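Comments concern the structure below.
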2 protein chains.
Amino acid sequence: MKDFYLSFDESSPKYLQLTKHIKELITSGKLTNHYRLPSIRRLSQHLKVSTSTIVQCYNNLENDGFVYKKVGGGTYVIGDNNKSMLKEDFSDISLESKVPYDFASASPSPVFFPVKTFKELLNRVLDRDGGYAFNYQEQGGYLPLRQSLTSMLTNYKIYVTAQEVSIITGGQQGVDIIAKALLEKNDYVVVEKPSYPGAIASFNSRSANIIEVPIRQKGIDLIQLEKVLAQYKPKLMYLMPDFQSPTGYQYDLKSRKKVIELANKYNTYIVEDDHFSDLNYTSNSLPPLKSLDTMDKVIFVKSFSKAFMPGLRLALMIPPSSLHNQLNEVKQHTDISTSGLVQRAFDLFLREGLWDVHIKSTKQIYARRFSTALKMLERTLPWEVPFTHPTGGLCIWVSLPHNYNSQTLYYEALKKGVAILPGHRFYFSQNQHNTFRLSFTSVTEQEIAEGTKLLGDTVKQFLTDYRDLGHLKHPKSKFF
Amino acid sequence: MKDFYLSFDESSPKYLQLTKHIKELITSGKLTNHYRLPSIRRLSQHLKVSTSTIVQCYNNLENDGFVYKKVGGGTYVIGDNNKSMLKEDFSDISLESKVPYDFASASPSPVFFPVKTFKELLNRVLDRDGGYAFNYQEQGGYLPLRQSLTSMLTNYKIYVTAQEVSIITGGQQGVDIIAKALLEKNDYVVVEKPSYPGAIASFNSRSANIIEVPIRQKGIDLIQLEKVLAQYKPKLMYLMPDFQSPTGYQYDLKSRKKVIELANKYNTYIVEDDHFSDLNYTSNSLPPLKSLDTMDKVIFVKSFSKAFMPGLRLALMIPPSSLHNQLNEVKQHTDISTSGLVQRAFDLFLREGLWDVHIKSTKQIYARRFSTALKMLERTLPWEVPFTHPTGGLCIWVSLPHNYNSQTLYYEALKKGVAILPGHRFYFSQNQHNTFRLSFTSVTEQEIAEGTKLLGDTVKQFLTDYRDLGHLKHPKSKFF
């Protein structure tokens, strides 16, 4: 509470002085994103002012985009600067506190999680295994799960033994382990441009040099990629061939074969991050890089967060055999082992054939939302604002004209109750500010219809209001 | 299976050729620790030899200490070299496959886990929160759990707000996050000598320079510590003040105050790793360093693995306020968030007051085992083999005379069905080979009585057999 203390003067109404003070706490980073402000009653007592002063102040803060209110109650800080947003949001964390039209979060919707089924399986595991489910697990993961995963993987044309599969605590951990095992200071790493900020953070934490190669509709730019490989000899390239995040692009077969060929030629590893291949809304699927891997260069990481339940913290990794022991060792001194309870329950889930059932129904829901969203965006977004048309995954990538800043649009849209995810966080060299990401996982079809309309109106207004103002910052800054 | 293929010649009996072949697979690292060998029937069919050839071969391998057999069936590899043992066992992983007298594992015994209670709580959480329990969790951890932890922490004289507490995926992750956030290449880190190998591995992965300062009965050697601090200005010191692992030593109050004073004087952080303070078998408890921390230098990590259930993968961290954001950010790009389901169930466990009940009953069991063990070791170990007499924790630390190698004793003891943990893995500069660790968590009191007697006999025989042989290697090596 002591941060909130303020000795008022006579210069202006108290609620304005307090608003200014709290804004400073937010912009200075003392109050961070999602910090809950004191209750109205408590703060009024603390500052010895009337409750209506606090109410006016909190309303002002909300109007100015510094806080948001939760339906259940409570007023929460919206982090003010890019850095804090990168910190908080890179992993698509869904805020339980929601704006009415949340197109920012790419977390799957908890409403569709097979909670009842999974609960039954958890109980069966506990009845069967008792305390062993809560003990440390064997290195590499719970063997029966690894066995059932090998048979699941044949559907992806990946043929491995249980020994080759490692269980890890989510896809992010996979990338982080790989970074820790393979990268030393000043090693080069290739990522797609734009790419997943969580991976960039892991590579960055090893002080690696990160090289961004643009991704196009049919995959990474192969000509630029080869140049970079020849010049810098990177240790690894981090690729998302299926419904790349954030663009939703999918590598075609030619690009897949070519990146394998380049990895062999330039002797570099490929980290294949598969978050989304299960959410393919067409009947055509393309083989994962791992299945095309002729010289054991691909480290395959498959997450179950996006297509299943992120809170399980469960993923699998298949490294080349030459890296197998090293990566397992690093996994061990990262968190020793992944939850045995969750591994055992997920094993039963697979063995009972529930995975296919779940994916089928989840895909139907998301496919419908996705197609509604695409249809609506065609209608509501002006022609100067193109967007990708993915056939799978959870994200659509939108580009404003070059001199417009999506961070500014973010605040404008938030005022209307629409959350978008500004695109700068998906770049390492943060020189592109005109893009943003939309997801449609946490919203109903009706919300999509209403929200995209609001967004379209906001974008049109935004293009008009800010035309010729060039590269813009926060509209609340003193330049306005 | 193809690794097992062998074209037999006429030089010697087939079972001997096969034994030699499998030993090579093990020593070359192709078959690693705990790898399950093919069943007798399957291997006999594969190699087109009689089942008795395989039986003879497996018996030979067992006699020579290359494999062990499980009671339920199955034959498993014992990793042959120190390196693979370091890899496999540093975290005290309990093998479900057990030798009859397992004094190597310091995992708590699954038999005493409150599985039924925890199952009820898991069900209550799922009925209450549904899919939200399986979604990503807020940064820093599930807020209600952090709140209930703050009230638990007052019992340890630690007074903090929920915002200051971070939930992490086990104590190992805490140390690893700290290493990642604070250490750069060639930074200096102080650890106790001997120390916890998992922490050493994390510091090592950041290419830090690790300096070992001996631990004595009443804490780290303060004179040496100050010399090291003055000379190297280390970024942090990693200390376990309560029932240090592996020695079981406990810092007295004077040492606690002095290390805080030194941290302030030399401007270095202390990582206080609390695995064992809850397992204090006396009625005297000493304040954690965090509670004595006058200048916000202590990063407190409290694990619930040892005193509760390791498979929960749950711990808490309280960093100095200056490091709070940085460590939370690193936690996020390590595994995004810790399992929401487990956090919510553990929150209920605390709120229902079950923690104190659990700790009380667990302490009773371990205290009895510990006192039996100490009494028996007094009787069975010869006077040249001193050991520590901890009043808490799960480990006793034993020293052979200087020129004896505990790795050799390990193999000798294993033949009698007794597992000990050779001490070299607890040193960074692996120059001490005469120590070993005993734990009494996975064995009954009767097994303790029988096993310590067998161990005593083995040690006496070992001291006689190997007297004057100096610094010894594996007894199966060709020098014997």
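Residue numbers start at 1 in each chain; chains themselves are named A, B, ... in the order of the structure tokens; ligands are numbered from 1 in the order shown.
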Next on the checklist: Considering only strand (DSSP E) as DSSP defines it on the backbone, what residues of range 374-437 of chain A qualify? List them as a ChimeraX atom specification.
Outcome noted: /A:395-399,418-419,421-422,435-437
Next on the checklist: Residues of chain B within 8 Å of chain A, counting only C-alpha atoms - could you list those as a ChimeraX atom specification?
Outcome noted: /B:87-88,91,93-95,107-108,110-115,119,123,126,130-139,169-173,176,180,198-199,201-202,205,309-313,329,333-341
Could you give me, as a Markdown table, every range 365-450 of chain A residue with an atom at most 6 Å from range 272-289 of chain A, plus its closest atom pair and distance in Å to one decimal, counting only C-alpha atoms, rows ordered by chain then number?
| residue | atom | partner | partner_atom | distance |
| --- | --- | --- | --- | --- |
| A:Ala367 | CA | A:Tyr281 | CA | 5.8 |
| A:Thr391 | CA | A:Tyr281 | CA | 5.6 |
| A:Gly392 | CA | A:Asn280 | CA | 4.2 |
| A:Gly393 | CA | A:Phe276 | CA | 5.1 |
Selection above as a file: C-alpha atoms, as a PDB file, in the first residue's frame:
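Contents of the output file result.pdb:
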ATOM      1  CA  ALA A 367     -12.715 -24.562 -37.781  1.00  0.00           C
ATOM      2  CA  THR A 391      -6.096 -23.447 -43.099  1.00  0.00           C
ATOM      3  CA  GLY A 392      -5.207 -24.526 -39.586  1.00  0.00           C
ATOM      4  CA  GLY A 393      -3.930 -23.350 -36.222  1.00  0.00           C
TER       5      GLY A 393
END
Checklist entry - Using only C-alpha atoms, which residues sit within 10 Å of Lys258 in chain B once same-chain residues fewer than 6 positions away are excluded, as a list in words? => result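 Near neighbours after the sequence-gap exclusion: Leu222, Glu226 and Asn264 of chain B.
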Output of the above residues as an mmCIF file, in the first residue's frame, restricted to N, CA and C atoms:
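Below is the file part35.cif, written as the result:
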data_model
loop_
_atom_site.group_PDB
_atom_site.id
_atom_site.type_symbol
_atom_site.label_atom_id
_atom_site.label_comp_id
_atom_site.auth_asym_id
_atom_site.auth_seq_id
_atom_site.Cartn_x
_atom_site.Cartn_y
_atom_site.Cartn_z
ATOM 1 N N LEU B 222 33.596 -20.637 7.746
ATOM 2 C CA LEU B 222 33.399 -19.197 7.577
ATOM 3 C C LEU B 222 34.681 -18.464 7.209
ATOM 4 N N GLU B 226 35.010 -16.369 3.753
ATOM 5 C CA GLU B 226 35.323 -14.947 3.621
ATOM 6 C C GLU B 226 36.502 -14.724 2.684
ATOM 7 N N ASN B 264 26.129 -9.348 2.852
ATOM 8 C CA ASN B 264 25.991 -7.883 2.815
ATOM 9 C C ASN B 264 27.335 -7.214 2.552
#
Next on the checklist: Which residues are close to range 232-243 of chain B, i.e. within 6 Å by only C-alpha atoms, leaving aside same-chain residues fewer than 2 positions away? Reply as a VMD selection string.
Outcome noted: chain B and resid 188 to 191 228 to 230 248 to 251 268 to 273 277 392 to 393
Checklist entry - Which polymer residues have any atom within 10 Å of an atom of Met376 in chain B, counting only C-alpha atoms, with same-chain residues fewer than 5 positions away left out, as JSON, numbers by chain? => result {"B": [370, 371, 381, 448, 449, 450, 451, 452, 453, 456]}
Take the residues from that selection and write them out as a PDB file, in the first residue's frame, keeping all heavy atoms.
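File produced: result_19.pdb:
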ATOM      1  N   PHE B 370      15.502 -43.201  11.245  1.00  0.00           N
ATOM      2  CA  PHE B 370      16.781 -42.536  11.368  1.00  0.00           C
ATOM      3  C   PHE B 370      17.482 -42.980  12.647  1.00  0.00           C
ATOM      4  O   PHE B 370      18.691 -43.252  12.649  1.00  0.00           O
ATOM      5  CB  PHE B 370      16.535 -41.025  11.403  1.00  0.00           C
ATOM      6  CG  PHE B 370      17.504 -40.259  10.589  1.00  0.00           C
ATOM      7  CD1 PHE B 370      17.518 -40.389   9.216  1.00  0.00           C
ATOM      8  CD2 PHE B 370      18.413 -39.403  11.193  1.00  0.00           C
ATOM      9  CE1 PHE B 370      18.422 -39.670   8.456  1.00  0.00           C
ATOM     10  CE2 PHE B 370      19.327 -38.698  10.430  1.00  0.00           C
ATOM     11  CZ  PHE B 370      19.330 -38.824   9.060  1.00  0.00           C
ATOM     12  N   SER B 371      16.715 -43.067  13.728  1.00  0.00           N
ATOM     13  CA  SER B 371      17.367 -43.413  14.992  1.00  0.00           C
ATOM     14  C   SER B 371      17.775 -44.888  14.984  1.00  0.00           C
ATOM     15  O   SER B 371      18.850 -45.245  15.475  1.00  0.00           O
ATOM     16  CB  SER B 371      16.475 -43.019  16.175  1.00  0.00           C
ATOM     17  OG  SER B 371      15.828 -44.134  16.709  1.00  0.00           O
ATOM     18  N   LEU B 381      29.409 -50.432  11.828  1.00  0.00           N
ATOM     19  CA  LEU B 381      30.543 -49.860  11.085  1.00  0.00           C
ATOM     20  C   LEU B 381      31.789 -49.826  11.967  1.00  0.00           C
ATOM     21  O   LEU B 381      31.712 -49.461  13.145  1.00  0.00           O
ATOM     22  CB  LEU B 381      30.219 -48.451  10.593  1.00  0.00           C
ATOM     23  CG  LEU B 381      29.260 -48.313   9.407  1.00  0.00           C
ATOM     24  CD1 LEU B 381      29.123 -46.849   8.998  1.00  0.00           C
ATOM     25  CD2 LEU B 381      29.704 -49.149   8.212  1.00  0.00           C
ATOM     26  N   ILE B 448      16.322 -51.812   7.533  1.00  0.00           N
ATOM     27  CA  ILE B 448      17.451 -51.019   8.020  1.00  0.00           C
ATOM     28  C   ILE B 448      18.343 -51.872   8.913  1.00  0.00           C
ATOM     29  O   ILE B 448      19.576 -51.904   8.760  1.00  0.00           O
ATOM     30  CB  ILE B 448      16.961 -49.764   8.783  1.00  0.00           C
ATOM     31  CG1 ILE B 448      16.264 -48.796   7.809  1.00  0.00           C
ATOM     32  CG2 ILE B 448      18.122 -49.054   9.481  1.00  0.00           C
ATOM     33  CD1 ILE B 448      15.551 -47.636   8.489  1.00  0.00           C
ATOM     34  N   ALA B 449      17.701 -52.595   9.823  1.00  0.00           N
ATOM     35  CA  ALA B 449      18.466 -53.437  10.744  1.00  0.00           C
ATOM     36  C   ALA B 449      19.274 -54.484   9.981  1.00  0.00           C
ATOM     37  O   ALA B 449      20.488 -54.633  10.185  1.00  0.00           O
ATOM     38  CB  ALA B 449      17.518 -54.097  11.742  1.00  0.00           C
ATOM     39  N   GLU B 450      18.606 -55.172   9.057  1.00  0.00           N
ATOM     40  CA  GLU B 450      19.299 -56.227   8.293  1.00  0.00           C
ATOM     41  C   GLU B 450      20.353 -55.634   7.366  1.00  0.00           C
ATOM     42  O   GLU B 450      21.478 -56.117   7.272  1.00  0.00           O
ATOM     43  CB  GLU B 450      18.289 -57.018   7.464  1.00  0.00           C
ATOM     44  CG  GLU B 450      17.340 -57.861   8.312  1.00  0.00           C
ATOM     45  CD  GLU B 450      16.134 -58.385   7.503  1.00  0.00           C
ATOM     46  OE1 GLU B 450      16.168 -58.265   6.249  1.00  0.00           O
ATOM     47  OE2 GLU B 450      15.182 -58.878   8.125  1.00  0.00           O
ATOM     48  N   GLY B 451      19.952 -54.556   6.667  1.00  0.00           N
ATOM     49  CA  GLY B 451      20.829 -53.968   5.650  1.00  0.00           C
ATOM     50  C   GLY B 451      22.085 -53.349   6.240  1.00  0.00           C
ATOM     51  O   GLY B 451      23.180 -53.473   5.667  1.00  0.00           O
ATOM     52  N   THR B 452      21.941 -52.653   7.376  1.00  0.00           N
ATOM     53  CA  THR B 452      23.131 -52.035   7.972  1.00  0.00           C
ATOM     54  C   THR B 452      24.093 -53.113   8.474  1.00  0.00           C
ATOM     55  O   THR B 452      25.304 -52.930   8.439  1.00  0.00           O
ATOM     56  CB  THR B 452      22.758 -51.108   9.146  1.00  0.00           C
ATOM     57  OG1 THR B 452      21.843 -51.786  10.002  1.00  0.00           O
ATOM     58  CG2 THR B 452      22.126 -49.818   8.664  1.00  0.00           C
ATOM     59  N   LYS B 453      23.530 -54.239   8.902  1.00  0.00           N
ATOM     60  CA  LYS B 453      24.403 -55.330   9.332  1.00  0.00           C
ATOM     61  C   LYS B 453      25.201 -55.869   8.136  1.00  0.00           C
ATOM     62  O   LYS B 453      26.421 -56.024   8.195  1.00  0.00           O
ATOM     63  CB  LYS B 453      23.561 -56.434   9.976  1.00  0.00           C
ATOM     64  CG  LYS B 453      24.393 -57.336  10.837  1.00  0.00           C
ATOM     65  CD  LYS B 453      23.635 -58.255  11.721  1.00  0.00           C
ATOM     66  CE  LYS B 453      24.622 -59.299  12.270  1.00  0.00           C
ATOM     67  NZ  LYS B 453      25.636 -59.743  11.302  1.00  0.00           N
ATOM     68  N   GLY B 456      27.745 -53.310   7.248  1.00  0.00           N
ATOM     69  CA  GLY B 456      28.878 -53.341   8.169  1.00  0.00           C
ATOM     70  C   GLY B 456      29.838 -54.473   7.831  1.00  0.00           C
ATOM     71  O   GLY B 456      31.060 -54.275   7.747  1.00  0.00           O
TER      72      GLY B 456
END
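Across the model, the gap from CA of Thr150 in chain B to CA of Ala162 in chain B is 6.0 Å.
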Checklist entry - Could you state the separation of CA of Trp383 in chain B and CA of Gln224 in chain B in Å, given to one decimal place? => result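 Between CA of Trp383 in chain B and CA of Gln224 in chain B the gap is 29.2 Å.
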Enumerate, in order of chain and increasing residue number, the residues of range 272-324 of chain B with an atom no farther than 12 Å from range 25-30 of chain A, each with its shortest atom pair and distance in Å to one decimal, counting only C-alpha atoms, as JSON lines.
{"residue": "B:Ser321", "atom": "CA", "partner": "A:Lys30", "partner_atom": "CA", "distance": 11.1}
{"residue": "B:Ser322", "atom": "CA", "partner": "A:Lys30", "partner_atom": "CA", "distance": 11.2}
{"residue": "B:His324", "atom": "CA", "partner": "A:Lys30", "partner_atom": "CA", "distance": 11.6}
Checklist entry - Expressed in Å to a single decimal, how great is the separation between CA of Thr75 in chain A and CA of Pro320 in chain B? => result 26.3 Å
Checklist entry - Which residues come within 9 Å of Thr294 in chain B, counting only C-alpha atoms, excluding same-chain residues fewer than 2 positions away, as a VMD selection string? => result chain B and resid 260 to 261 264 290 to 292 296 to 297
